[in-house]
Amino acid sequence: MRVLVLPPAMAVTHFLAQVPLIWALRTAGHDILVAGSADLEQAALSAGLGFAELGSAKPLEDAAGSLPEDTFPAPEWTDREKTELGRFLWQTIADMQAAYAADHIAEYRAFAESWRPDLLLADHTALIARPLGALLGVPVVTHRWGVDPTGELYRERARQQLQPLCEELGLPGLPDPDALVDPCPPSLQHESAVPGLPMRYLPFNGPGVMPEWARAKSGKRRVCLCPGRTLVPTCGPAPVQRAAEAIDGLPDVEAIVALTPADRVRVGPLPKSFRVVEQLPLSLFLDTCDLMVLLGGSGVGLTATSFGLPQVVLPQWFDQFDYGRRLEAAGAGRSIDTRAGQADIAHVRSTIAAVLDDPSYRAGAERLRDEIRSGPLPATVVAELERLVRQPVRTS
């Protein structure tokens, strides 16, 4: 079958979470093509996949860039159903994806009618896939990127915002996906997430060359600080700078900071004792580390979890607060989820030290690692998707 992969614009880490399933589809003999905005091209090529440029990420880039850096951290994301600001923030995410769908559905439809896919595989937030699948008469499978707290508030807002487009297209409403793939271990997944097809999380962080220092553990405890690929341009360098200052005061610790080249420039000077790596896949060295310090993105977090690493989370927005909360509840780390807490360097430092020193956090992380490893492999999910394609497709 022919599978058209539709990642969301401005969310390359969501696409990276799909790569293991895409590879499994390819090795099962299926044709794969990734289509989306230009910011996704390099990630698709690095995964050995073909790419077609469709749509534009510029409106989303402008919206993200309009948020002042002092907005972050924004714990209001956790109160999406309790506060006016929380509802506004989550509705805004749905509005942005709905606007992208309305702006580009004609372009996507024309391309898809030419390429003739049998299945659309889309990120769970990429709303454009759902009306597109109904128009083409092919199943739509959505894929979670990790901890998914979008919930009913997001779903209802998406239905409201896309109702005019659906009516224009002759659809009774926004169709639900035909299936949902979930690579997040149940112990970390958000309580409101609807059940999906479980799949083992397999980290893909892009290609890279293993450096000599990553071939063995060092004499010191090794701490990795990684903000992920997409957060520094939106949240600014301050979260990384504060975390680095906290780590710098720890005894007997070797710090590794993993950044993109552009983020390395934004972050600025770091302590001379730190080992700074650019565009180096985490999977090449995390087995030599003792702790991950992150901002709560599921790509970094689940990669660390798959290695059994305890974590300290400094969440900034979107799903990161829920990731930190669920990780802490699982006994695999700590989350500092307030502005005051993250601004207190001594508090951040003592939290990192506590997680490093207490073996119970490592034990909790190893339990999550084992839970991940017990999940069905992508090849099992491929068989389910093949059966789905052979079934009649509903249109609403």
# chains A, B, ... in the order shown; residues from 1 in each chain; ligands from 1

$ closest_atom_pairs --of "region 258-309 of chain A" --to "region 143-166 of chain A" --cutoff "10 Å" --atoms "only C-alpha atoms" --output "Markdown table"
| residue | atom | partner | partner_atom | distance |
| --- | --- | --- | --- | --- |
| A:Gly296 | CA | A:Val147 | CA | 9.9 |
| A:Gly297 | CA | A:Gly146 | CA | 8.5 |
| A:Ser298 | CA | A:Gly146 | CA | 5.2 |
| A:Gly299 | CA | A:Gly146 | CA | 7.2 |
| A:Gly301 | CA | A:Gly146 | CA | 8.9 |
| A:Leu302 | CA | A:Gly146 | CA | 7.4 |

$ select_by_dssp --residues "region 32-238 of chain A" --states "helix (DSSP H, G or I)" --output "ChimeraX atom specification"
/A:38-46,58-65,69-71,75-79,84-115,129-136,151-168,212-215,231-235,238

$ atom_distance --atom1 "CA of Pro198 (chain A)" --atom2 "CA of Pro20 (chain A)"
13.5 Å

$ residues_around --residues "region 276-289 of chain A" --least-positions-apart "5" --cutoff "9 Å" --atoms "only C-alpha atoms" --output "VMD selection string"
chain A and resid 203 to 211 213 to 218 221 to 224 226 255 to 261 263 to 264 270 300 303 to 304 307 to 309

$ select_by_dssp --residues "region 59-228 of chain A" --states "strand (DSSP E)" --output "ChimeraX atom specification"
/A:119-123,140-143,179-182,197-198,221-226

$ write_last_selection --atoms "N, CA, C and O atoms" --output "PDB file, in the first residue's frame"
ATOM      1  N   LEU A 119      -3.473   5.061   2.622  1.00  0.00           N
ATOM      2  CA  LEU A 119      -3.542   5.330   4.059  1.00  0.00           C
ATOM      3  C   LEU A 119      -2.858   6.654   4.347  1.00  0.00           C
ATOM      4  O   LEU A 119      -1.817   6.958   3.758  1.00  0.00           O
ATOM      5  N   LEU A 120      -3.453   7.439   5.247  1.00  0.00           N
ATOM      6  CA  LEU A 120      -2.807   8.647   5.755  1.00  0.00           C
ATOM      7  C   LEU A 120      -2.340   8.359   7.180  1.00  0.00           C
ATOM      8  O   LEU A 120      -3.130   7.934   8.031  1.00  0.00           O
ATOM      9  N   LEU A 121      -1.048   8.588   7.435  1.00  0.00           N
ATOM     10  CA  LEU A 121      -0.476   8.456   8.770  1.00  0.00           C
ATOM     11  C   LEU A 121      -0.081   9.850   9.226  1.00  0.00           C
ATOM     12  O   LEU A 121       0.827  10.459   8.667  1.00  0.00           O
ATOM     13  N   ALA A 122      -0.781  10.366  10.228  1.00  0.00           N
ATOM     14  CA  ALA A 122      -0.598  11.764  10.631  1.00  0.00           C
ATOM     15  C   ALA A 122      -0.324  11.860  12.119  1.00  0.00           C
ATOM     16  O   ALA A 122      -0.740  11.004  12.906  1.00  0.00           O
ATOM     17  N   ASP A 123       0.379  12.911  12.513  1.00  0.00           N
ATOM     18  CA  ASP A 123       0.484  13.221  13.928  1.00  0.00           C
ATOM     19  C   ASP A 123      -0.910  13.502  14.477  1.00  0.00           C
ATOM     20  O   ASP A 123      -1.790  13.993  13.760  1.00  0.00           O
ATOM     21  N   VAL A 140      -7.543   7.144   8.002  1.00  0.00           N
ATOM     22  CA  VAL A 140      -6.614   8.065   8.649  1.00  0.00           C
ATOM     23  C   VAL A 140      -6.187   7.461   9.980  1.00  0.00           C
ATOM     24  O   VAL A 140      -7.033   7.140  10.829  1.00  0.00           O
ATOM     25  N   VAL A 141      -4.895   7.294  10.155  1.00  0.00           N
ATOM     26  CA  VAL A 141      -4.337   6.806  11.415  1.00  0.00           C
ATOM     27  C   VAL A 141      -3.520   7.936  12.016  1.00  0.00           C
ATOM     28  O   VAL A 141      -2.629   8.483  11.352  1.00  0.00           O
ATOM     29  N   THR A 142      -3.831   8.306  13.237  1.00  0.00           N
ATOM     30  CA  THR A 142      -3.044   9.338  13.905  1.00  0.00           C
ATOM     31  C   THR A 142      -2.066   8.679  14.870  1.00  0.00           C
ATOM     32  O   THR A 142      -2.280   7.573  15.348  1.00  0.00           O
ATOM     33  N   HIS A 143      -0.976   9.398  15.144  1.00  0.00           N
ATOM     34  CA  HIS A 143       0.148   8.853  15.907  1.00  0.00           C
ATOM     35  C   HIS A 143       0.505   9.856  16.988  1.00  0.00           C
ATOM     36  O   HIS A 143       0.808  11.011  16.698  1.00  0.00           O
ATOM     37  N   ALA A 179      -7.918   5.063  13.461  1.00  0.00           N
ATOM     38  CA  ALA A 179      -7.118   4.383  14.481  1.00  0.00           C
ATOM     39  C   ALA A 179      -6.126   5.380  15.048  1.00  0.00           C
ATOM     40  O   ALA A 179      -5.827   6.408  14.431  1.00  0.00           O
ATOM     41  N   LEU A 180      -5.612   5.058  16.220  1.00  0.00           N
ATOM     42  CA  LEU A 180      -4.667   5.927  16.922  1.00  0.00           C
ATOM     43  C   LEU A 180      -3.540   5.060  17.470  1.00  0.00           C
ATOM     44  O   LEU A 180      -3.787   4.091  18.184  1.00  0.00           O
ATOM     45  N   VAL A 181      -2.310   5.403  17.115  1.00  0.00           N
ATOM     46  CA  VAL A 181      -1.134   4.667  17.588  1.00  0.00           C
ATOM     47  C   VAL A 181      -0.531   5.432  18.760  1.00  0.00           C
ATOM     48  O   VAL A 181      -0.313   6.646  18.681  1.00  0.00           O
ATOM     49  N   ASP A 182      -0.238   4.706  19.844  1.00  0.00           N
ATOM     50  CA  ASP A 182       0.254   5.353  21.056  1.00  0.00           C
ATOM     51  C   ASP A 182       1.565   4.709  21.506  1.00  0.00           C
ATOM     52  O   ASP A 182       1.576   3.609  22.061  1.00  0.00           O
ATOM     53  N   LEU A 197      -3.803   2.094  19.814  1.00  0.00           N
ATOM     54  CA  LEU A 197      -3.007   0.902  19.579  1.00  0.00           C
ATOM     55  C   LEU A 197      -1.661   1.084  20.272  1.00  0.00           C
ATOM     56  O   LEU A 197      -0.894   1.981  19.910  1.00  0.00           O
ATOM     57  N   PRO A 198      -1.333   0.273  21.278  1.00  0.00           N
ATOM     58  CA  PRO A 198      -0.051   0.452  21.961  1.00  0.00           C
ATOM     59  C   PRO A 198       1.109   0.043  21.060  1.00  0.00           C
ATOM     60  O   PRO A 198       0.986  -0.881  20.239  1.00  0.00           O
ATOM     61  N   ARG A 221      29.986  11.198  37.664  1.00  0.00           N
ATOM     62  CA  ARG A 221      28.586  11.004  37.286  1.00  0.00           C
ATOM     63  C   ARG A 221      28.281  11.922  36.102  1.00  0.00           C
ATOM     64  O   ARG A 221      28.602  13.112  36.127  1.00  0.00           O
ATOM     65  N   ARG A 222      27.659  11.356  35.096  1.00  0.00           N
ATOM     66  CA  ARG A 222      27.438  12.094  33.856  1.00  0.00           C
ATOM     67  C   ARG A 222      25.983  12.573  33.793  1.00  0.00           C
ATOM     68  O   ARG A 222      25.053  11.770  33.843  1.00  0.00           O
ATOM     69  N   VAL A 223      25.796  13.881  33.671  1.00  0.00           N
ATOM     70  CA  VAL A 223      24.475  14.496  33.590  1.00  0.00           C
ATOM     71  C   VAL A 223      24.319  15.121  32.209  1.00  0.00           C
ATOM     72  O   VAL A 223      25.176  15.893  31.770  1.00  0.00           O
ATOM     73  N   CYS A 224      23.226  14.778  31.536  1.00  0.00           N
ATOM     74  CA  CYS A 224      22.941  15.368  30.225  1.00  0.00           C
ATOM     75  C   CYS A 224      21.857  16.430  30.376  1.00  0.00           C
ATOM     76  O   CYS A 224      20.817  16.185  30.994  1.00  0.00           O
ATOM     77  N   LEU A 225      22.094  17.599  29.816  1.00  0.00           N
ATOM     78  CA  LEU A 225      21.109  18.676  29.744  1.00  0.00           C
ATOM     79  C   LEU A 225      20.703  18.835  28.286  1.00  0.00           C
ATOM     80  O   LEU A 225      21.552  19.101  27.434  1.00  0.00           O
ATOM     81  N   CYS A 226      19.424  18.636  28.001  1.00  0.00           N
ATOM     82  CA  CYS A 226      18.957  18.736  26.610  1.00  0.00           C
ATOM     83  C   CYS A 226      17.584  19.380  26.572  1.00  0.00           C
ATOM     84  O   CYS A 226      16.626  18.837  27.125  1.00  0.00           O
TER      85      CYS A 226
END

$ residues_around --residues "region 86-100 of chain A" --least-positions-apart "5" --cutoff "9 Å" --atoms "only C-alpha atoms" --output "JSON, numbers by chain"
{"A": [8, 9, 55, 56, 57, 59, 60, 63, 75, 76, 77, 78, 79, 80, 81, 105, 125, 126, 127, 128, 150, 153, 154, 155, 157, 158, 159, 161, 162, 318]}

$ closest_residue --among "A:Asp319, A:Asp337, A:Asp344, A:Asp290" --to "Ala365 (chain A)" --atoms "only C-alpha atoms"
A:Asp290

$ closest_residue --among "A:Leu132, A:Leu377, A:Leu368, A:Val253" --to "Pro186 (chain A)" --atoms "only C-alpha atoms"
A:Leu368

$ residues_around --residues "Arg130 (chain A)" --least-positions-apart "4" --cutoff "8 Å" --atoms "only C-alpha atoms" --output "MDAnalysis selection string"
chainID A and resid 134 140 174:177

$ closest_residue --among "A:Val265, A:Leu314, A:Ala346, A:Val389" --to "Pro227 (chain A)" --atoms "only C-alpha atoms"
A:Leu314

$ residues_around --residues "Ser374 (chain A)" --least-positions-apart "5" --cutoff "12 Å" --atoms "only C-alpha atoms" --output "PyMOL selection string"
chain A and resi 183-186+198-202+306+367-369

$ write_last_selection --atoms "N, CA and C atoms" --output "short mmCIF file (atom, residue, chain, number, x, y, z; two decimals), in the first residue's frame"
data_model
loop_
_atom_site.label_atom_id
_atom_site.label_comp_id
_atom_site.auth_asym_id
_atom_site.auth_seq_id
_atom_site.Cartn_x
_atom_site.Cartn_y
_atom_site.Cartn_z
N PRO A 183 2.71 5.39 21.31
CA PRO A 183 3.99 4.84 21.74
C PRO A 183 4.37 5.19 23.17
N CYS A 184 3.50 5.88 23.88
CA CYS A 184 3.82 6.29 25.26
C CYS A 184 3.47 5.18 26.23
N PRO A 185 4.36 4.83 27.15
CA PRO A 185 4.02 3.80 28.14
C PRO A 185 2.82 4.25 28.98
N PRO A 186 1.91 3.33 29.30
CA PRO A 186 0.69 3.71 30.03
C PRO A 186 0.95 4.45 31.33
N PRO A 198 -1.33 0.27 21.28
CA PRO A 198 -0.05 0.45 21.96
C PRO A 198 1.11 0.04 21.06
N MET A 199 2.23 0.76 21.19
CA MET A 199 3.43 0.43 20.42
C MET A 199 4.65 0.77 21.25
N ARG A 200 5.65 -0.06 21.18
CA ARG A 200 6.89 0.20 21.91
C ARG A 200 7.55 1.48 21.42
N TYR A 201 7.96 2.33 22.35
CA TYR A 201 8.68 3.55 21.97
C TYR A 201 10.12 3.19 21.61
N LEU A 202 10.52 3.53 20.40
CA LEU A 202 11.89 3.32 19.94
C LEU A 202 12.47 4.68 19.58
N SER A 306 13.65 5.36 27.87
CA SER A 306 13.94 4.08 27.22
C SER A 306 15.32 3.54 27.62
N ARG A 367 11.90 0.77 35.93
CA ARG A 367 10.57 0.17 35.77
C ARG A 367 9.88 0.70 34.53
N LEU A 368 10.00 2.01 34.29
CA LEU A 368 9.41 2.58 33.07
C LEU A 368 10.11 2.04 31.83
N ARG A 369 11.43 1.90 31.89
CA ARG A 369 12.16 1.32 30.75
C ARG A 369 11.63 -0.08 30.44
#

$ closest_residue --among "A:Asp252, A:Asp70, A:Glu53, A:Asp39" --to "Phe111 (chain A)" --atoms "only C-alpha atoms"
A:Glu53

$ closest_residue --among "A:Cys235, A:Pro359, A:Arg349, A:Val382" --to "Pro68 (chain A)" --atoms "only C-alpha atoms"
A:Cys235
